[in-house]
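Chemist: My file is coords14.csv. It has CSV, C-alpha atoms (C1' of nucleotides):
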```csv
chain,number,residue,atom,x,y,z
A,295,MET,CA,128.3,121.0,53.0
A,296,PRO,CA,130.9,121.9,50.5
A,297,GLU,CA,134.5,121.7,51.2
A,298,LEU,CA,137.0,121.7,48.3
A,299,PRO,CA,136.2,118.2,47.0
A,300,GLU,CA,132.5,118.9,46.8
A,301,VAL,CA,133.1,122.1,44.9
A,302,GLU,CA,135.5,120.4,42.6
A,303,VAL,CA,133.0,117.6,42.0
A,304,THR,CA,130.4,120.2,41.2
A,305,ARG,CA,132.8,122.0,38.8
A,306,MET,CA,133.5,118.7,37.0
A,307,GLY,CA,129.8,118.0,36.6
A,308,VAL,CA,128.6,121.5,35.7
A,309,GLY,CA,131.5,122.8,33.7
A,310,PRO,CA,131.1,120.8,30.5
A,311,MET,CA,127.4,121.6,30.4
A,312,LEU,CA,128.1,125.4,30.6
A,313,GLN,CA,131.2,126.0,28.7
A,314,GLY,CA,130.7,127.6,25.3
A,315,GLN,CA,127.0,128.1,25.9
A,316,LYS,CA,125.1,131.3,25.4
A,317,ILE,CA,123.1,132.8,28.2
A,318,HIS,CA,119.5,133.3,27.5
A,319,GLN,CA,118.4,134.8,30.8
A,320,ILE,CA,119.5,135.3,34.4
A,321,ASN,CA,116.9,134.9,37.2
A,322,ILE,CA,117.3,136.1,40.7
A,323,TYR,CA,114.6,134.6,43.0
A,324,HIS,CA,116.0,135.5,46.3
A,325,LYS,CA,118.8,138.0,46.3
A,326,GLN,CA,119.5,137.9,50.1
A,327,LEU,CA,122.4,135.5,50.3
A,328,ARG,CA,125.7,136.0,52.2
A,329,TRP,CA,125.8,139.3,50.2
A,330,PRO,CA,122.9,140.6,48.1
A,331,ILE,CA,123.0,139.4,44.5
A,332,LYS,CA,123.4,142.4,42.2
A,333,ASP,CA,120.7,143.0,39.6
A,334,GLU,CA,123.6,144.0,37.3
A,335,LEU,CA,124.1,140.2,36.7
A,336,LYS,CA,121.0,140.2,34.5
A,337,SER,CA,123.0,142.3,32.0
A,338,LEU,CA,125.0,139.1,31.2
A,339,ALA,CA,122.1,137.7,29.1
A,340,GLY,CA,123.2,137.2,25.5
A,341,LEU,CA,126.8,136.6,26.4
A,342,THR,CA,128.8,133.4,26.1
A,343,ILE,CA,130.3,131.3,29.0
A,344,LYS,CA,134.0,130.9,28.3
A,345,SER,CA,135.0,128.6,31.2
A,346,VAL,CA,134.2,127.3,34.6
A,347,SER,CA,137.1,127.0,37.0
A,348,ARG,CA,137.6,126.7,40.7
A,349,ARG,CA,139.7,128.6,43.3
A,350,ALA,CA,139.4,127.5,46.9
A,351,LYS,CA,135.7,126.8,47.5
A,352,TYR,CA,134.7,129.3,44.8
A,353,LEU,CA,133.5,128.4,41.4
A,354,ILE,CA,134.5,131.0,38.8
A,355,VAL,CA,132.3,131.3,35.7
A,356,GLN,CA,134.0,133.4,33.1
A,357,ILE,CA,131.5,135.2,30.8
A,358,GLU,CA,133.4,137.1,28.1
A,359,GLN,CA,135.1,139.9,30.0
A,360,SER,CA,133.1,139.4,33.2
A,361,TYR,CA,133.4,136.8,36.0
A,362,VAL,CA,130.7,135.4,38.2
A,363,LEU,CA,131.9,133.9,41.5
A,364,LEU,CA,129.7,131.2,43.1
A,365,HIS,CA,130.1,130.0,46.7
A,366,LEU,CA,128.0,127.2,48.1
A,367,GLY,CA,128.3,128.2,51.8
A,368,MET,CA,127.1,125.5,54.2
A,369,SER,CA,124.2,124.1,52.3
A,370,GLY,CA,124.4,125.1,48.6
A,371,LYS,CA,124.0,122.9,45.6
A,372,LEU,CA,124.2,123.5,41.9
A,373,CYS,CA,122.5,121.5,39.3
A,374,VAL,CA,121.8,121.8,35.6
A,375,VAL,CA,118.2,120.9,34.7
A,376,ASP,CA,115.8,121.5,31.8
A,377,LYS,CA,114.2,125.0,32.4
A,378,SER,CA,110.8,123.4,32.2
A,379,ILE,CA,111.5,121.7,35.6
A,380,ALA,CA,109.6,123.5,38.3
A,381,LYS,CA,111.7,125.8,40.5
A,382,GLN,CA,112.3,124.1,43.9
A,383,LYS,CA,112.1,125.5,47.4
A,384,HIS,CA,115.4,127.4,48.1
A,385,ASP,CA,116.3,127.9,44.4
A,386,HIS,CA,117.6,131.4,44.6
A,387,PHE,CA,119.5,132.0,41.4
A,388,GLU,CA,119.5,130.7,37.9
A,389,ILE,CA,121.4,131.0,34.6
A,390,VAL,CA,119.2,129.9,31.7
A,391,LEU,CA,121.0,128.8,28.6
A,392,THR,CA,119.8,129.1,25.0
A,393,THR,CA,119.9,125.3,24.9
A,394,GLY,CA,116.9,125.3,27.2
A,395,GLN,CA,118.9,124.1,30.2
A,396,ALA,CA,119.4,126.0,33.4
A,397,LEU,CA,122.0,126.2,36.1
A,398,ARG,CA,120.3,126.5,39.4
A,399,LEU,CA,121.6,127.4,42.8
A,400,ASN,CA,119.7,125.9,45.7
A,401,ASP,CA,120.8,126.9,49.2
A,402,PRO,CA,118.5,126.5,52.2
A,403,ARG,CA,120.7,128.3,54.7
A,404,ARG,CA,121.6,131.1,52.3
A,405,PHE,CA,125.2,131.3,53.4
A,406,GLY,CA,126.3,131.0,49.8
A,407,ALA,CA,127.1,133.9,47.5
A,408,VAL,CA,126.8,135.0,43.9
A,409,LEU,CA,129.3,137.8,43.1
A,410,MET,CA,130.0,139.6,39.8
A,411,PHE,CA,133.2,141.3,38.6
A,412,ASP,CA,133.4,143.4,35.5
A,413,GLU,CA,137.1,142.8,35.0
A,414,LYS,CA,139.8,140.3,35.8
A,415,SER,CA,141.6,142.7,38.0
A,416,GLU,CA,138.6,143.0,40.4
A,417,LEU,CA,138.4,139.2,40.5
A,418,ASP,CA,142.1,138.9,41.3
A,419,LEU,CA,141.8,141.4,44.0
A,420,TRP,CA,139.0,139.3,45.6
A,421,LEU,CA,141.0,136.1,45.3
A,422,ALA,CA,144.3,137.7,46.4
A,423,LYS,CA,143.8,137.1,50.1
A,424,LEU,CA,143.5,133.3,49.6
A,425,GLY,CA,146.3,130.9,50.6
A,426,PRO,CA,147.7,128.1,48.4
A,427,GLU,CA,145.6,125.4,46.8
A,428,PRO,CA,146.0,122.2,48.8
A,429,LEU,CA,146.6,120.0,45.8
A,430,SER,CA,149.2,122.2,44.3
A,431,GLY,CA,153.0,122.3,45.0
A,432,ASP,CA,152.6,125.7,46.7
A,433,PHE,CA,151.2,123.8,49.7
A,434,ASN,CA,154.1,121.9,51.1
A,435,GLN,CA,156.0,121.0,54.2
A,436,GLN,CA,158.1,124.2,54.3
A,437,GLN,CA,155.2,126.4,53.7
A,438,LEU,CA,153.0,124.8,56.4
A,439,TYR,CA,155.9,124.7,58.9
A,440,LYS,CA,156.6,128.4,58.4
A,441,TRP,CA,153.0,129.2,59.2
A,442,THR,CA,152.7,126.9,62.2
A,443,GLN,CA,155.9,128.4,63.8
A,444,LYS,CA,154.3,131.7,64.2
A,445,ARG,CA,150.9,130.5,65.5
A,446,GLN,CA,149.9,129.1,68.9
A,447,VAL,CA,146.3,128.2,68.0
A,448,ALA,CA,145.2,124.6,67.7
A,449,ILE,CA,146.6,123.0,64.6
A,450,LYS,CA,143.1,122.2,63.5
A,451,ASN,CA,142.3,125.9,63.4
A,452,CYS,CA,145.5,126.5,61.5
A,453,ILE,CA,144.8,124.2,58.6
A,454,MET,CA,141.2,125.5,58.4
A,455,ASP,CA,142.5,129.1,58.0
A,456,ASN,CA,142.2,130.2,54.4
A,457,LYS,CA,145.5,132.1,54.6
A,458,VAL,CA,147.4,128.9,55.4
A,459,VAL,CA,145.7,126.6,52.9
A,460,VAL,CA,142.3,126.9,51.2
A,461,GLY,CA,139.5,124.3,50.9
A,462,VAL,CA,140.1,122.4,54.1
A,463,GLY,CA,136.9,122.4,56.2
A,464,ASN,CA,135.8,120.6,59.3
A,465,ILE,CA,135.4,117.2,57.7
A,466,TYR,CA,138.7,117.0,56.0
A,467,ALA,CA,140.7,118.8,58.7
A,468,THR,CA,139.3,116.2,61.2
A,469,GLU,CA,140.1,113.2,58.9
A,470,SER,CA,143.6,114.3,57.9
A,471,LEU,CA,144.6,115.0,61.5
A,472,PHE,CA,143.5,111.5,62.4
A,473,LYS,CA,145.5,110.0,59.6
A,474,SER,CA,148.5,112.1,60.7
A,475,ALA,CA,148.2,110.9,64.3
A,476,ILE,CA,148.1,114.5,65.5
A,477,HIS,CA,145.8,115.6,68.3
A,478,PRO,CA,143.6,118.4,66.8
A,479,GLN,CA,144.2,120.7,69.8
A,480,THR,CA,148.0,120.6,69.5
A,481,PRO,CA,149.4,124.1,69.4
A,482,ALA,CA,150.5,124.8,65.8
A,483,ASN,CA,154.0,125.9,66.9
A,484,LYS,CA,154.6,122.6,68.7
A,485,LEU,CA,154.5,120.5,65.5
A,486,THR,CA,157.7,119.1,64.2
A,487,GLN,CA,158.9,119.4,60.6
A,488,ALA,CA,158.1,115.7,60.2
A,489,GLN,CA,154.6,116.1,61.5
A,490,CYS,CA,154.0,119.0,59.1
A,491,ALA,CA,155.3,116.9,56.2
A,492,LYS,CA,152.9,114.0,57.2
A,493,LEU,CA,150.0,116.4,57.6
A,494,VAL,CA,150.5,118.0,54.2
A,495,ASP,CA,150.6,114.5,52.6
A,496,GLU,CA,147.5,113.3,54.4
A,497,ILE,CA,145.5,116.5,53.5
A,498,LYS,CA,146.4,116.0,49.8
A,499,LEU,CA,145.6,112.3,50.0
A,500,VAL,CA,142.2,112.7,51.7
A,501,LEU,CA,141.1,115.5,49.4
A,502,ALA,CA,142.1,113.6,46.3
A,503,ARG,CA,140.4,110.5,47.5
A,504,ALA,CA,137.2,112.4,48.3
A,505,ILE,CA,137.1,114.0,44.9
A,506,LYS,CA,137.5,110.5,43.3
A,507,GLN,CA,134.6,109.3,45.4
A,508,GLY,CA,132.4,112.2,44.3
A,509,GLY,CA,132.6,114.1,47.6
A,510,THR,CA,131.0,113.6,51.0
A,511,THR,CA,127.3,113.6,51.2
A,512,LEU,CA,126.1,114.1,54.8
A,513,LYS,CA,122.6,115.2,53.9
A,514,ASP,CA,122.4,118.2,51.4
A,515,PHE,CA,125.2,117.6,49.0
A,516,ALA,CA,124.5,116.3,45.6
A,517,LYS,CA,126.6,116.3,42.4
A,518,ALA,CA,125.3,118.1,39.4
A,519,ASP,CA,123.5,115.0,38.3
A,520,GLY,CA,121.6,115.0,41.6
A,521,LYS,CA,123.4,111.9,42.9
A,522,PRO,CA,125.2,111.8,46.3
A,523,GLY,CA,129.0,111.5,46.8
A,524,TYR,CA,130.3,108.4,48.5
A,525,PHE,CA,133.2,109.6,50.6
A,526,ALA,CA,131.0,109.6,53.8
A,527,GLN,CA,131.5,105.8,53.8
A,528,GLU,CA,135.2,106.3,54.2
A,529,LEU,CA,135.1,108.7,57.1
A,530,LEU,CA,137.2,107.4,60.0
A,531,VAL,CA,136.5,109.9,62.8
A,532,TYR,CA,134.2,112.7,61.6
A,533,GLY,CA,130.7,112.1,62.8
A,534,ARG,CA,131.8,108.9,64.6
A,535,SER,CA,131.9,110.3,68.2
A,536,GLY,CA,131.1,107.5,70.7
A,537,GLU,CA,131.9,104.8,68.1
A,538,LYS,CA,135.0,102.6,68.0
A,539,CYS,CA,138.1,103.7,66.3
A,540,LYS,CA,138.5,101.6,63.1
A,541,SER,CA,142.2,101.5,63.7
A,542,CYS,CA,142.6,100.7,67.5
A,543,GLY,CA,139.1,100.1,68.8
A,544,SER,CA,139.2,103.0,71.3
A,545,ILE,CA,136.1,105.2,71.6
A,546,ILE,CA,136.1,108.3,69.4
A,547,GLU,CA,135.8,111.5,71.4
A,548,THR,CA,134.7,115.0,70.5
A,549,MET,CA,135.7,118.4,71.7
A,550,VAL,CA,134.9,121.9,70.6
A,551,ILE,CA,137.9,123.6,68.9
A,552,GLY,CA,137.4,127.1,67.4
A,553,GLN,CA,133.6,126.8,67.7
A,554,ARG,CA,133.6,123.6,65.7
A,555,ALA,CA,133.0,120.0,66.9
A,556,SER,CA,136.2,118.0,66.5
A,557,ALA,CA,136.3,114.3,66.6
A,558,TYR,CA,139.5,112.4,67.4
A,559,CYS,CA,140.8,109.1,68.7
A,560,PRO,CA,142.4,109.7,72.1
A,561,SER,CA,144.6,106.7,71.5
A,562,CYS,CA,145.7,107.2,67.9
A,563,GLN,CA,146.0,111.0,68.4
A,564,PRO,CA,147.6,111.5,71.8
A,565,ARG,CA,148.1,114.9,73.3
A,566,LEU,CA,151.7,116.1,73.4
B,254,DC,C1',149.2,140.8,63.6
B,255,DA,C1',147.0,136.9,66.3
B,256,DC,C1',143.0,135.4,68.3
B,257,DA,C1',138.0,134.7,70.2
B,258,DC,C1',133.5,135.2,69.2
B,259,DA,C1',129.0,136.6,67.2
B,260,DA,C1',126.5,136.8,63.2
B,261,DC,C1',124.3,135.4,58.9
B,262,DC,C1',120.0,131.3,57.9
B,263,DT,C1',117.0,126.9,57.6
B,264,DG,C1',116.2,122.1,58.7
B,265,DC,C1',116.5,118.1,61.3
B,266,DG,C1',116.7,114.9,65.1
B,267,DA,C1',116.5,114.3,70.1
B,268,DG,C1',114.1,114.9,74.1
B,269,DC,C1',110.1,116.1,76.6
C,96,DT,C1',101.6,115.0,67.6
C,97,DG,C1',104.0,119.0,68.5
C,98,DC,C1',107.0,122.1,70.9
C,99,DT,C1',111.9,123.7,72.1
C,100,DC,C1',116.7,123.0,71.9
C,101,DG,C1',121.0,122.2,70.0
C,102,DC,C1',123.6,121.4,66.2
C,103,DA,C1',125.1,121.4,61.1
C,104,DG,C1',129.6,121.3,55.5
C,105,DG,C1',131.6,128.4,55.9
C,106,DT,C1',133.3,133.0,56.1
C,107,DT,C1',133.4,137.8,57.5
C,108,DG,C1',133.4,141.5,60.6
C,109,DT,C1',134.4,143.3,65.2
C,110,DG,C1',136.6,143.8,69.4
C,111,DT,C1',140.5,142.8,72.5
```
Turn this file's structure into structure tokens for me.

Modeler:
Amino acid sequence: MPELPEVEVTRMGVGPMLQGQKIHQINIYHKQLRWPIKDELKSLAGLTIKSVSRRAKYLIVQIEQSYVLLHLGMSGKLCVVDKSIAKQKHDHFEIVLTTGQALRLNDPRRFGAVLMFDEKSELDLWLAKLGPEPLSGDFNQQQLYKWTQKRQVAIKNCIMDNKVVVGVGNIYATESLFKSAIHPQTPANKLTQAQCAKLVDEIKLVLARAIKQGGTTLKDFAKADGKPGYFAQELLVYGRSGEKCKSCGSIIETMVIGQRASAYCPSCQPRL
DNA sequence: CACACAACCTGCGAGC
DNA sequence: TGCTCGCAGGTTGTGT
């Protein structure tokens, strides 16, 4: 599910409900996620949530001196509900507040993660390997061109690489390459400076637009209020294999690139 | 360092 | 109706 827009939409929904609240209790219902959830997390009961921020696809909950990192994997959802609401199937982790509300992580495929760091330095170490935020100035034409020059892999793999830029998953990589008129299999080092500039612009535009629309709901994703996001209606190529290109009418094709299905318009995104 | 690929899971739709 | 198969939004670890 969640690429950067979905995580950001989740942060906007959940953050205000958590910030400044005191933790009553932490419940771990199924600790086996991407990595085991540490029992140590329960020691955060009684402490106050200072802030909820985001880096890449991670949500960062600051709880006094400690930090809890949440990742939604492929199928994770977060919601804030009254603690009297019955636990749902695949609810694995919960932070209960003294207000009687609870933040719940539901993740059928369990590719998500809940990590805890005792100090900021440990958190920073974990985040240090990540590339620039796509919506920040650190992600720009020069930076992307520098990366593409030293890589021969398909450009789609390149922009989905967290060291190059974070938060761009299969949906938004597919869409931004279409909007940039670049074939997804183009070797990264064959892109011109102008194409890099265009691609950077389109990635920023498509992510910002998706956030505005509440993210992309394919099936699992829901905002903190349980409602879906509406960006799926604006997808131009992702998931449209065999359908007509909305720009030129050609039939959208699909190929596998880096183990991921990649839709593209053979006419709008010609091979080099 | 760059790259390819398997692995971690459950659910769902298609086809038989 | 029910089975098997293939596929799905992500990331890490291993091997070449």

Chemist: Using all atoms listed in the file and a distance of at most 12 Å, pull out the residues of chain A that contact chain B, as a list in words.

Modeler: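 That gives the following set of residues: Gln326, Leu327, Arg328, Trp329, Gly367, Met368, Ser369, Gly370, Lys383, His384, Asp401, Pro402, Arg403, Arg404, Phe405, Gly406, Ala407, Lys444, Arg445, Gln446, Val447, Ala448, Asn451, Cys452, Lys513, Asp514, Ile551, Gly552 and Gln553 of chain A.
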
Chemist: If the cut-off is 12 Å, can you tell me the residues of chain A near chain C, counting all atoms listed in the file? I'd like them as a ChimeraX atom specification.

Modeler: /A:295-301,328-329,350-352,365-371,403-407,454-456,460-467,509-515,526,532-533,553-555

Chemist: Emit the selected residues as an mmCIF file, keeping the file's coordinate frame, including C-alpha atoms.

Modeler:
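Saved result, part_16.cif, follows:
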```cif
data_model
loop_
_atom_site.group_PDB
_atom_site.id
_atom_site.type_symbol
_atom_site.label_atom_id
_atom_site.label_comp_id
_atom_site.auth_asym_id
_atom_site.auth_seq_id
_atom_site.Cartn_x
_atom_site.Cartn_y
_atom_site.Cartn_z
ATOM 1 C CA MET A 295 128.300 121.000 53.000
ATOM 2 C CA PRO A 296 130.900 121.900 50.500
ATOM 3 C CA GLU A 297 134.500 121.700 51.200
ATOM 4 C CA LEU A 298 137.000 121.700 48.300
ATOM 5 C CA PRO A 299 136.200 118.200 47.000
ATOM 6 C CA GLU A 300 132.500 118.900 46.800
ATOM 7 C CA VAL A 301 133.100 122.100 44.900
ATOM 8 C CA ARG A 328 125.700 136.000 52.200
ATOM 9 C CA TRP A 329 125.800 139.300 50.200
ATOM 10 C CA ALA A 350 139.400 127.500 46.900
ATOM 11 C CA LYS A 351 135.700 126.800 47.500
ATOM 12 C CA TYR A 352 134.700 129.300 44.800
ATOM 13 C CA HIS A 365 130.100 130.000 46.700
ATOM 14 C CA LEU A 366 128.000 127.200 48.100
ATOM 15 C CA GLY A 367 128.300 128.200 51.800
ATOM 16 C CA MET A 368 127.100 125.500 54.200
ATOM 17 C CA SER A 369 124.200 124.100 52.300
ATOM 18 C CA GLY A 370 124.400 125.100 48.600
ATOM 19 C CA LYS A 371 124.000 122.900 45.600
ATOM 20 C CA ARG A 403 120.700 128.300 54.700
ATOM 21 C CA ARG A 404 121.600 131.100 52.300
ATOM 22 C CA PHE A 405 125.200 131.300 53.400
ATOM 23 C CA GLY A 406 126.300 131.000 49.800
ATOM 24 C CA ALA A 407 127.100 133.900 47.500
ATOM 25 C CA MET A 454 141.200 125.500 58.400
ATOM 26 C CA ASP A 455 142.500 129.100 58.000
ATOM 27 C CA ASN A 456 142.200 130.200 54.400
ATOM 28 C CA VAL A 460 142.300 126.900 51.200
ATOM 29 C CA GLY A 461 139.500 124.300 50.900
ATOM 30 C CA VAL A 462 140.100 122.400 54.100
ATOM 31 C CA GLY A 463 136.900 122.400 56.200
ATOM 32 C CA ASN A 464 135.800 120.600 59.300
ATOM 33 C CA ILE A 465 135.400 117.200 57.700
ATOM 34 C CA TYR A 466 138.700 117.000 56.000
ATOM 35 C CA ALA A 467 140.700 118.800 58.700
ATOM 36 C CA GLY A 509 132.600 114.100 47.600
ATOM 37 C CA THR A 510 131.000 113.600 51.000
ATOM 38 C CA THR A 511 127.300 113.600 51.200
ATOM 39 C CA LEU A 512 126.100 114.100 54.800
ATOM 40 C CA LYS A 513 122.600 115.200 53.900
ATOM 41 C CA ASP A 514 122.400 118.200 51.400
ATOM 42 C CA PHE A 515 125.200 117.600 49.000
ATOM 43 C CA ALA A 526 131.000 109.600 53.800
ATOM 44 C CA TYR A 532 134.200 112.700 61.600
ATOM 45 C CA GLY A 533 130.700 112.100 62.800
ATOM 46 C CA GLN A 553 133.600 126.800 67.700
ATOM 47 C CA ARG A 554 133.600 123.600 65.700
ATOM 48 C CA ALA A 555 133.000 120.000 66.900
#
```

Chemist: For CA of Val458 (chain A) and CA of Leu421 (chain A), determine how far apart the two atoms are, in Å to one decimal place.

Modeler: 14.0 Å

Chemist: Skip Val408 (chain A) itself and residues of its chain fewer than 4 positions away, then list as number ranges by chain all residues within 6 Å of it, counting only C-alpha atoms (C1' of nucleotides).

Modeler: A: 331, 363-364

Chemist: Tell me, as number ranges by chain, which residues lie within 8 Å of region 439-442 of chain A, counting only C-alpha atoms (C1' of nucleotides); anything in the same chain fewer than 6 positions away does not count.

Modeler: A: 449, 452, 458, 482-483, 485-487, 490

Chemist: In Å to one decimal, how far is CA of Pro478 (chain A) from CA of Met549 (chain A)?

Modeler: 9.3 Å

Chemist: Report, in Å with one decimal, the straight-line distance from CA of Gln315 (chain A) to CA of Ala380 (chain A).

Modeler: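 CA of Ala380 (chain A) lies 21.9 Å from CA of Gln315 (chain A).
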
Chemist: How about completing region 342-363 of chain A with N, CA and C atoms and giving it to me as a compact mmCIF listing (two decimals), in the coordinates of the input?

Modeler:
```
# COMPACT_ATOMS: atom_id res chain seq x y z
N THR A 342 128.37 134.77 26.17
CA THR A 342 128.80 133.40 26.10
C THR A 342 129.69 133.00 27.28
N ILE A 343 129.47 131.83 27.85
CA ILE A 343 130.30 131.30 29.00
C ILE A 343 131.60 130.78 28.40
N LYS A 344 132.70 131.35 28.83
CA LYS A 344 134.00 130.90 28.30
C LYS A 344 134.55 129.72 29.07
N SER A 345 134.42 129.73 30.38
CA SER A 345 135.00 128.60 31.20
C SER A 345 134.40 128.59 32.56
N VAL A 346 134.57 127.44 33.21
CA VAL A 346 134.20 127.30 34.60
C VAL A 346 135.36 126.69 35.35
N SER A 347 135.91 127.47 36.27
CA SER A 347 137.10 127.00 37.00
C SER A 347 136.80 127.08 38.51
N ARG A 348 137.82 126.73 39.31
CA ARG A 348 137.60 126.70 40.70
C ARG A 348 138.87 127.34 41.42
N ARG A 349 138.65 128.13 42.45
CA ARG A 349 139.70 128.60 43.30
C ARG A 349 139.22 128.48 44.74
N ALA A 350 139.90 127.73 45.57
CA ALA A 350 139.40 127.50 46.90
C ALA A 350 138.04 126.84 46.83
N LYS A 351 137.07 127.38 47.56
CA LYS A 351 135.70 126.80 47.50
C LYS A 351 134.84 127.68 46.55
N TYR A 352 135.45 128.52 45.76
CA TYR A 352 134.70 129.30 44.80
C TYR A 352 134.69 128.70 43.44
N LEU A 353 133.54 128.75 42.78
CA LEU A 353 133.50 128.40 41.40
C LEU A 353 133.53 129.72 40.62
N ILE A 354 134.32 129.76 39.55
CA ILE A 354 134.50 131.00 38.80
C ILE A 354 133.97 130.75 37.38
N VAL A 355 132.92 131.45 37.03
CA VAL A 355 132.30 131.30 35.70
C VAL A 355 132.78 132.56 34.90
N GLN A 356 133.58 132.32 33.88
CA GLN A 356 134.00 133.40 33.10
C GLN A 356 133.01 133.63 31.92
N ILE A 357 132.47 134.84 31.83
CA ILE A 357 131.50 135.20 30.80
C ILE A 357 132.00 136.36 30.03
N GLU A 358 132.66 136.04 28.91
CA GLU A 358 133.40 137.10 28.10
C GLU A 358 134.30 137.85 29.02
N GLN A 359 134.12 139.19 29.18
CA GLN A 359 135.10 139.90 30.00
C GLN A 359 134.77 139.87 31.50
N SER A 360 133.59 139.34 31.84
CA SER A 360 133.10 139.40 33.20
C SER A 360 133.33 138.03 33.92
N TYR A 361 133.23 138.06 35.24
CA TYR A 361 133.40 136.80 36.00
C TYR A 361 132.28 136.77 37.07
N VAL A 362 131.67 135.59 37.18
CA VAL A 362 130.70 135.40 38.20
C VAL A 362 131.29 134.35 39.20
N LEU A 363 131.32 134.73 40.47
CA LEU A 363 131.90 133.90 41.50
C LEU A 363 130.71 133.25 42.27
```
